[in-house]
Amino acid sequence: MSDSIFEDALNRVRQYGESAEVSGDVIESLMHPHSMLRATLPVRMDDGATRYFKGYRCRYNKTLGPTKGGIRFHPDVSLEEVQALALWMTIKCAVVGLPYGGGKGGVIVDPKELSPMELERLSRAYVRAMADFIGPHVDIPAPDVYTNARIMGWMMDEYEAIKRIKAPGVITGKPVRLGGSLGRDDATGRGAYLCVVELSKKRKLDPSKTTVAVQGFGNGGYHVARLLQDAGYKIVAISDSKGAIYSSVGFDVASIHEEKQRTRRVRAVYCHQSICELIEHDAISNDELLELDVDILIPAALEGVITERNAANIKARFIIEVANGPILSEADPILQEKGIEVVPDVLANAGGVTVSYFEWVQNLQGFSWTLDEVHTRLTAIMTNAFNDIWDLAEERGLTLRSAAYAGAIRRIGEALEAHGTRDYFSS
Ligand code: NAD
């Protein structure tokens, strides 16, 4: 196993960079984060005491544009994790052809322990620390695990108060009334859903006979499950941080979501109006969910859940990585050996950053697009990206992950080569 999640991310770039056939300078440039800000965030708690939180922001690579990436509030956030996530954002933006580099941020905190007012003060403290490091043309944050539209709104407000300007383009994933884009809420799930639709065409999957297990029932997991169920796929397992539920008959995703909103738990229920009834199911662990005999497995929680320890036990035919980095590189060859096809995170969850890009474009230009416009543009970008990667993989005998990395690294490489690399200057 690699020493760290960041080392694992670097290994993938080294490994797949070879298929990109770019100058060694390009791979070398991707080994080094551009800049990193680490700050202490003092927050007045409701009982009057001050607590000090650790916050990070990494601007990893800005070759293709301003850096872009979410802010995560989670107890396990670390410098290593933020750097890995920022590197993945660099690759992801290049995979779907957005004019962005990659960035990421995080705070070490369990937000479930904070009151709403403490959470607001923490969000504003983060921006006070980062105000000179982010900006609409420099680095544009967005939501990630345990951050949401309201938090993005507080953060924009704090940035505007500090800079004494209106700058909605400083952050994306905001509430629509504060300059957010229609369609941002379900964009990550919709992007993943569009990948499943394309994959189903290629592999001739009949939705009504295709079973799906989803790990994590937050922004990414809920929406992909909902859209797949609407399209006729059978959602047989769902989980959150507290545990998982399984039913071979399949679940009604909307009912489980409704119950989760009310009780903060994923429970096997069927709701009719406001009445929810418990339905027959098995309570299983998150580890068991990953090893279910289903057609499609969708890890949509945290990174590093499929490793060399459990890869051999995975029975799904396809894995759609809605979470960032759910499969460690050590597990890739084991899954490949078993013939499991993986739609990698840098493609499968790129719908979120794509609609974030739409939001930023609308903010900079003062436009608001209709939901139809957003969906049409998102569908075009995701479908084209999926098919480009599929074709490259077929043509060169690559996995989808290595084709996605190769295409992205080639794009970044072409931009670097336009300035001149070793080959140009030494010739
Ligand atoms: P979220 O905070 O909305 O939801 C996270 C979900 O994961 C929650 O249901 C939580 O209960 C569950 N969870 C947490 N720990 C778990 C565990 N150990 N086992 C099972 N479930 C667990 O977060 P999100 O925005 O949906 O993000 C999920 C993943 O998707 C992350 O890897 C994130 O980086 C990635 N992602 C999100 C977006 C986005 O736009 N939200 C975009 C791209 C990638």
# chains A, B, ... in the order shown; residues from 1 in each chain; ligands from 1
>>> residues_near_ligand(ligand="ligand 1", cutoff="7 Å", atoms="only C-alpha atoms and all ligand atoms", output="PyMOL selection string")
chain A and resi 143-147+187-188+215-221+239-243+286+300-303+322-325+349-350+352-353
>>> select_by_dssp(residues="region 283-407 of chain A", states="helix (DSSP H, G or I)", output="short mmCIF file (atom, residue, chain, number, x, y, z; two decimals) with C-alpha atoms, in the first residue's frame")
data_model
loop_
_atom_site.label_atom_id
_atom_site.label_comp_id
_atom_site.auth_asym_id
_atom_site.auth_seq_id
_atom_site.Cartn_x
_atom_site.Cartn_y
_atom_site.Cartn_z
CA ASN A 286 -20.63 -0.64 4.53
CA ASP A 287 -17.94 -3.24 3.85
CA GLU A 288 -20.58 -5.85 2.97
CA LEU A 289 -22.29 -3.41 0.62
CA LEU A 290 -19.10 -3.13 -1.41
CA ALA A 311 -10.63 -5.93 -4.17
CA ALA A 312 -10.68 -9.68 -4.76
CA ASN A 313 -14.09 -9.88 -3.03
CA SER A 329 -4.16 2.22 -7.18
CA GLU A 330 -3.03 -1.06 -5.55
CA ALA A 331 -6.56 -2.45 -6.20
CA ASP A 332 -6.67 -1.50 -9.90
CA PRO A 333 -4.86 -4.60 -11.26
CA ILE A 334 -6.94 -6.94 -9.07
CA LEU A 335 -10.18 -5.47 -10.39
CA GLN A 336 -8.85 -5.52 -13.94
CA GLU A 337 -7.88 -9.17 -13.59
CA ASP A 345 -13.83 9.45 -10.65
CA VAL A 346 -12.12 11.99 -12.91
CA LEU A 347 -14.90 11.31 -15.42
CA ALA A 348 -17.81 9.86 -13.40
CA ALA A 350 -17.09 15.55 -13.31
CA GLY A 351 -20.72 16.69 -13.68
CA GLY A 352 -20.34 18.71 -10.45
CA VAL A 353 -17.39 20.79 -11.59
CA THR A 354 -18.95 21.14 -15.05
CA VAL A 355 -22.08 22.84 -13.69
CA SER A 356 -19.86 24.80 -11.28
CA TYR A 357 -18.12 26.07 -14.41
CA PHE A 358 -21.52 27.02 -15.87
CA GLU A 359 -22.30 28.89 -12.64
CA TRP A 360 -19.01 30.79 -12.80
CA VAL A 361 -19.58 31.69 -16.48
CA GLN A 362 -23.08 32.98 -15.66
CA ASN A 363 -21.72 35.00 -12.70
CA LEU A 364 -18.94 36.60 -14.76
CA GLN A 365 -21.34 37.46 -17.59
CA LEU A 371 -32.52 24.39 -16.27
CA ASP A 372 -32.98 23.03 -19.78
CA GLU A 373 -29.89 24.91 -21.00
CA VAL A 374 -27.85 23.58 -18.09
CA HIS A 375 -29.00 19.99 -18.68
CA THR A 376 -28.43 20.18 -22.44
CA ARG A 377 -24.88 21.54 -22.02
CA LEU A 378 -24.05 19.08 -19.22
CA THR A 379 -25.34 16.15 -21.26
CA ALA A 380 -23.24 17.21 -24.25
CA ILE A 381 -20.03 17.59 -22.21
CA MET A 382 -20.43 14.36 -20.24
CA THR A 383 -21.52 12.27 -23.22
CA ASN A 384 -18.68 13.55 -25.41
CA ALA A 385 -16.10 13.06 -22.67
CA PHE A 386 -17.33 9.51 -21.98
CA ASN A 387 -17.24 8.56 -25.66
CA ASP A 388 -13.83 10.18 -26.29
CA ILE A 389 -12.37 8.21 -23.40
CA TRP A 390 -14.14 5.02 -24.45
CA ASP A 391 -12.79 5.35 -28.00
CA LEU A 392 -9.25 6.06 -26.80
CA ALA A 393 -9.42 3.05 -24.47
CA GLU A 394 -10.64 0.77 -27.29
CA GLU A 395 -8.11 2.08 -29.79
CA ARG A 396 -5.12 1.69 -27.47
CA LEU A 400 -11.07 3.74 -18.92
CA ARG A 401 -8.99 5.19 -16.08
CA SER A 402 -5.76 5.11 -17.98
CA ALA A 403 -7.45 6.54 -21.09
CA ALA A 404 -8.99 9.36 -19.02
CA TYR A 405 -5.60 10.22 -17.48
CA ALA A 406 -3.84 9.93 -20.83
CA GLY A 407 -6.32 12.31 -22.52
#
>>> residues_around(residues="Leu205 (chain A)", least_positions_apart="5", cutoff="12 Å", atoms="only C-alpha atoms", output="list in words")
Val196, Val197, Glu198, Leu199, Ser200, Thr210, Thr211, Gly232, Tyr233, Asp295, Ile296, Arg317 and Phe318 of chain A
>>> write_last_selection(atoms="N, CA, C and O atoms", output="PDB file, in the first residue's frame")
ATOM      1  N   VAL A 196     -23.523   6.166 -16.744  1.00  0.00           N
ATOM      2  CA  VAL A 196     -24.149   4.835 -16.706  1.00  0.00           C
ATOM      3  C   VAL A 196     -24.987   4.628 -17.972  1.00  0.00           C
ATOM      4  O   VAL A 196     -24.997   3.540 -18.555  1.00  0.00           O
ATOM      5  N   VAL A 197     -25.680   5.681 -18.410  1.00  0.00           N
ATOM      6  CA  VAL A 197     -26.500   5.562 -19.622  1.00  0.00           C
ATOM      7  C   VAL A 197     -25.602   5.192 -20.817  1.00  0.00           C
ATOM      8  O   VAL A 197     -25.922   4.278 -21.592  1.00  0.00           O
ATOM      9  N   GLU A 198     -24.461   5.884 -20.947  1.00  0.00           N
ATOM     10  CA  GLU A 198     -23.553   5.597 -22.073  1.00  0.00           C
ATOM     11  C   GLU A 198     -22.960   4.192 -21.943  1.00  0.00           C
ATOM     12  O   GLU A 198     -22.872   3.452 -22.921  1.00  0.00           O
ATOM     13  N   LEU A 199     -22.561   3.850 -20.717  1.00  0.00           N
ATOM     14  CA  LEU A 199     -22.000   2.515 -20.474  1.00  0.00           C
ATOM     15  C   LEU A 199     -23.032   1.436 -20.827  1.00  0.00           C
ATOM     16  O   LEU A 199     -22.693   0.407 -21.427  1.00  0.00           O
ATOM     17  N   SER A 200     -24.294   1.692 -20.473  1.00  0.00           N
ATOM     18  CA  SER A 200     -25.360   0.715 -20.743  1.00  0.00           C
ATOM     19  C   SER A 200     -25.525   0.506 -22.240  1.00  0.00           C
ATOM     20  O   SER A 200     -25.795  -0.614 -22.688  1.00  0.00           O
ATOM     21  N   THR A 210     -30.874  -4.533 -14.259  1.00  0.00           N
ATOM     22  CA  THR A 210     -29.562  -4.106 -13.763  1.00  0.00           C
ATOM     23  C   THR A 210     -29.670  -3.650 -12.312  1.00  0.00           C
ATOM     24  O   THR A 210     -30.400  -2.707 -11.998  1.00  0.00           O
ATOM     25  N   THR A 211     -28.944  -4.349 -11.432  1.00  0.00           N
ATOM     26  CA  THR A 211     -29.005  -4.013 -10.005  1.00  0.00           C
ATOM     27  C   THR A 211     -27.842  -3.084  -9.635  1.00  0.00           C
ATOM     28  O   THR A 211     -26.738  -3.190 -10.174  1.00  0.00           O
ATOM     29  N   GLY A 232     -35.307   3.282 -14.468  1.00  0.00           N
ATOM     30  CA  GLY A 232     -35.680   1.869 -14.447  1.00  0.00           C
ATOM     31  C   GLY A 232     -34.653   0.929 -13.831  1.00  0.00           C
ATOM     32  O   GLY A 232     -34.905  -0.275 -13.745  1.00  0.00           O
ATOM     33  N   TYR A 233     -33.499   1.439 -13.396  1.00  0.00           N
ATOM     34  CA  TYR A 233     -32.497   0.566 -12.762  1.00  0.00           C
ATOM     35  C   TYR A 233     -32.998   0.199 -11.355  1.00  0.00           C
ATOM     36  O   TYR A 233     -33.763   0.946 -10.739  1.00  0.00           O
ATOM     37  N   ASP A 295     -24.844  -5.678 -10.338  1.00  0.00           N
ATOM     38  CA  ASP A 295     -24.245  -5.334 -11.628  1.00  0.00           C
ATOM     39  C   ASP A 295     -23.361  -4.096 -11.493  1.00  0.00           C
ATOM     40  O   ASP A 295     -22.244  -4.051 -11.984  1.00  0.00           O
ATOM     41  N   ILE A 296     -23.902  -3.061 -10.821  1.00  0.00           N
ATOM     42  CA  ILE A 296     -23.168  -1.788 -10.743  1.00  0.00           C
ATOM     43  C   ILE A 296     -22.972  -1.398  -9.279  1.00  0.00           C
ATOM     44  O   ILE A 296     -23.936  -1.358  -8.506  1.00  0.00           O
ATOM     45  N   ARG A 317     -20.027  -6.016 -11.711  1.00  0.00           N
ATOM     46  CA  ARG A 317     -19.398  -6.047 -13.054  1.00  0.00           C
ATOM     47  C   ARG A 317     -18.826  -4.680 -13.402  1.00  0.00           C
ATOM     48  O   ARG A 317     -17.884  -4.565 -14.171  1.00  0.00           O
ATOM     49  N   PHE A 318     -19.460  -3.641 -12.855  1.00  0.00           N
ATOM     50  CA  PHE A 318     -19.037  -2.278 -13.171  1.00  0.00           C
ATOM     51  C   PHE A 318     -18.958  -1.465 -11.882  1.00  0.00           C
ATOM     52  O   PHE A 318     -19.796  -1.641 -10.996  1.00  0.00           O
TER      53      PHE A 318
END
>>> atom_distance(atom1="CA of Gly55 (chain A)", atom2="CA of Ala131 (chain A)")
12.7 Å
>>> residues_around(residues="Lys163 (chain A)", least_positions_apart="4", cutoff="12 Å", atoms="only C-alpha atoms", output="list in words")
Val127, Arg128, Ala131, Asp132, Ile134, Gly135, Pro136, Met156, Asp157, Glu158, Tyr159, Ala167, Pro168 and Val170 of chain A
>>> write_last_selection(atoms="all heavy atoms", output="mmCIF file, in the first residue's frame")
data_model
loop_
_atom_site.group_PDB
_atom_site.id
_atom_site.type_symbol
_atom_site.label_atom_id
_atom_site.label_comp_id
_atom_site.auth_asym_id
_atom_site.auth_seq_id
_atom_site.Cartn_x
_atom_site.Cartn_y
_atom_site.Cartn_z
ATOM 1 N N VAL A 127 -12.797 31.749 5.104
ATOM 2 C CA VAL A 127 -12.611 32.724 4.018
ATOM 3 C C VAL A 127 -11.721 33.883 4.476
ATOM 4 O O VAL A 127 -10.894 34.375 3.696
ATOM 5 C CB VAL A 127 -13.977 33.222 3.502
ATOM 6 C CG1 VAL A 127 -13.804 34.370 2.519
ATOM 7 C CG2 VAL A 127 -14.695 32.063 2.825
ATOM 8 N N ARG A 128 -11.850 34.299 5.744
ATOM 9 C CA ARG A 128 -10.953 35.375 6.211
ATOM 10 C C ARG A 128 -9.496 34.946 6.061
ATOM 11 O O ARG A 128 -8.644 35.715 5.659
ATOM 12 C CB ARG A 128 -11.260 35.748 7.669
ATOM 13 C CG ARG A 128 -12.452 36.683 7.810
ATOM 14 C CD ARG A 128 -12.470 37.368 9.163
ATOM 15 N NE ARG A 128 -12.587 36.404 10.257
ATOM 16 C CZ ARG A 128 -13.739 35.814 10.628
ATOM 17 N NH1 ARG A 128 -14.865 36.100 10.000
ATOM 18 N NH2 ARG A 128 -13.748 34.957 11.622
ATOM 19 N N ALA A 131 -8.729 34.681 2.016
ATOM 20 C CA ALA A 131 -9.249 35.712 1.093
ATOM 21 C C ALA A 131 -8.232 36.161 0.040
ATOM 22 O O ALA A 131 -8.620 36.517 -1.072
ATOM 23 C CB ALA A 131 -9.760 36.905 1.875
ATOM 24 N N ASP A 132 -6.948 36.156 0.381
ATOM 25 C CA ASP A 132 -5.950 36.587 -0.613
ATOM 26 C C ASP A 132 -5.443 35.428 -1.467
ATOM 27 O O ASP A 132 -4.579 35.609 -2.321
ATOM 28 C CB ASP A 132 -4.766 37.274 0.081
ATOM 29 C CG ASP A 132 -5.203 38.600 0.670
ATOM 30 O OD1 ASP A 132 -6.128 39.219 0.100
ATOM 31 O OD2 ASP A 132 -4.657 38.990 1.714
ATOM 32 N N ILE A 134 -7.763 32.968 -2.699
ATOM 33 C CA ILE A 134 -8.830 32.589 -3.625
ATOM 34 C C ILE A 134 -9.282 33.834 -4.394
ATOM 35 O O ILE A 134 -8.837 34.932 -4.082
ATOM 36 C CB ILE A 134 -10.042 31.951 -2.886
ATOM 37 C CG1 ILE A 134 -10.654 32.944 -1.883
ATOM 38 C CG2 ILE A 134 -9.626 30.681 -2.192
ATOM 39 C CD1 ILE A 134 -11.933 32.434 -1.215
ATOM 40 N N GLY A 135 -10.139 33.674 -5.386
ATOM 41 C CA GLY A 135 -10.649 34.829 -6.138
ATOM 42 C C GLY A 135 -11.226 34.345 -7.453
ATOM 43 O O GLY A 135 -10.807 33.299 -7.958
ATOM 44 N N PRO A 136 -12.163 35.098 -8.053
ATOM 45 C CA PRO A 136 -12.850 34.635 -9.266
ATOM 46 C C PRO A 136 -11.918 34.325 -10.431
ATOM 47 O O PRO A 136 -12.295 33.562 -11.310
ATOM 48 C CB PRO A 136 -13.761 35.806 -9.626
ATOM 49 C CG PRO A 136 -13.858 36.646 -8.399
ATOM 50 C CD PRO A 136 -12.650 36.397 -7.576
ATOM 51 N N MET A 156 -19.183 33.325 0.215
ATOM 52 C CA MET A 156 -19.192 34.419 -0.764
ATOM 53 C C MET A 156 -19.412 35.745 -0.051
ATOM 54 O O MET A 156 -18.731 36.739 -0.320
ATOM 55 C CB MET A 156 -20.308 34.195 -1.788
ATOM 56 C CG MET A 156 -20.455 35.364 -2.736
ATOM 57 S SD MET A 156 -21.963 35.285 -3.734
ATOM 58 C CE MET A 156 -23.215 35.695 -2.520
ATOM 59 N N ASP A 157 -20.359 35.756 0.880
ATOM 60 C CA ASP A 157 -20.698 36.981 1.603
ATOM 61 C C ASP A 157 -19.472 37.525 2.355
ATOM 62 O O ASP A 157 -19.186 38.723 2.338
ATOM 63 C CB ASP A 157 -21.828 36.641 2.580
ATOM 64 C CG ASP A 157 -22.386 37.873 3.244
ATOM 65 O OD1 ASP A 157 -22.832 38.766 2.505
ATOM 66 O OD2 ASP A 157 -22.365 37.946 4.486
ATOM 67 N N GLU A 158 -18.725 36.619 2.985
ATOM 68 C CA GLU A 158 -17.544 37.040 3.743
ATOM 69 C C GLU A 158 -16.484 37.600 2.797
ATOM 70 O O GLU A 158 -15.852 38.624 3.071
ATOM 71 C CB GLU A 158 -16.982 35.834 4.519
ATOM 72 C CG GLU A 158 -15.895 36.179 5.532
ATOM 73 C CD GLU A 158 -16.399 37.018 6.699
ATOM 74 O OE1 GLU A 158 -17.603 36.964 7.006
ATOM 75 O OE2 GLU A 158 -15.569 37.744 7.295
ATOM 76 N N TYR A 159 -16.296 36.938 1.670
ATOM 77 C CA TYR A 159 -15.298 37.397 0.690
ATOM 78 C C TYR A 159 -15.666 38.804 0.195
ATOM 79 O O TYR A 159 -14.819 39.692 0.108
ATOM 80 C CB TYR A 159 -15.237 36.415 -0.489
ATOM 81 C CG TYR A 159 -14.199 36.780 -1.527
ATOM 82 C CD1 TYR A 159 -12.855 36.412 -1.361
ATOM 83 C CD2 TYR A 159 -14.543 37.506 -2.665
ATOM 84 C CE1 TYR A 159 -11.895 36.755 -2.305
ATOM 85 C CE2 TYR A 159 -13.586 37.853 -3.614
ATOM 86 C CZ TYR A 159 -12.274 37.463 -3.429
ATOM 87 O OH TYR A 159 -11.318 37.816 -4.360
ATOM 88 N N ALA A 167 -18.803 39.816 -5.806
ATOM 89 C CA ALA A 167 -17.965 38.857 -6.540
ATOM 90 C C ALA A 167 -18.560 37.454 -6.471
ATOM 91 O O ALA A 167 -17.956 36.541 -5.916
ATOM 92 C CB ALA A 167 -16.547 38.864 -5.965
ATOM 93 N N PRO A 168 -19.758 37.249 -7.058
ATOM 94 C CA PRO A 168 -20.372 35.914 -6.950
ATOM 95 C C PRO A 168 -19.512 34.822 -7.578
ATOM 96 O O PRO A 168 -19.612 33.659 -7.192
ATOM 97 C CB PRO A 168 -21.703 36.071 -7.698
ATOM 98 C CG PRO A 168 -21.554 37.289 -8.554
ATOM 99 C CD PRO A 168 -20.589 38.193 -7.843
ATOM 100 N N VAL A 170 -16.582 34.135 -7.077
ATOM 101 C CA VAL A 170 -15.497 33.651 -6.218
ATOM 102 C C VAL A 170 -15.737 32.213 -5.757
ATOM 103 O O VAL A 170 -14.798 31.510 -5.358
ATOM 104 C CB VAL A 170 -15.308 34.561 -4.984
ATOM 105 C CG1 VAL A 170 -16.511 34.471 -4.027
ATOM 106 C CG2 VAL A 170 -14.018 34.220 -4.242
#
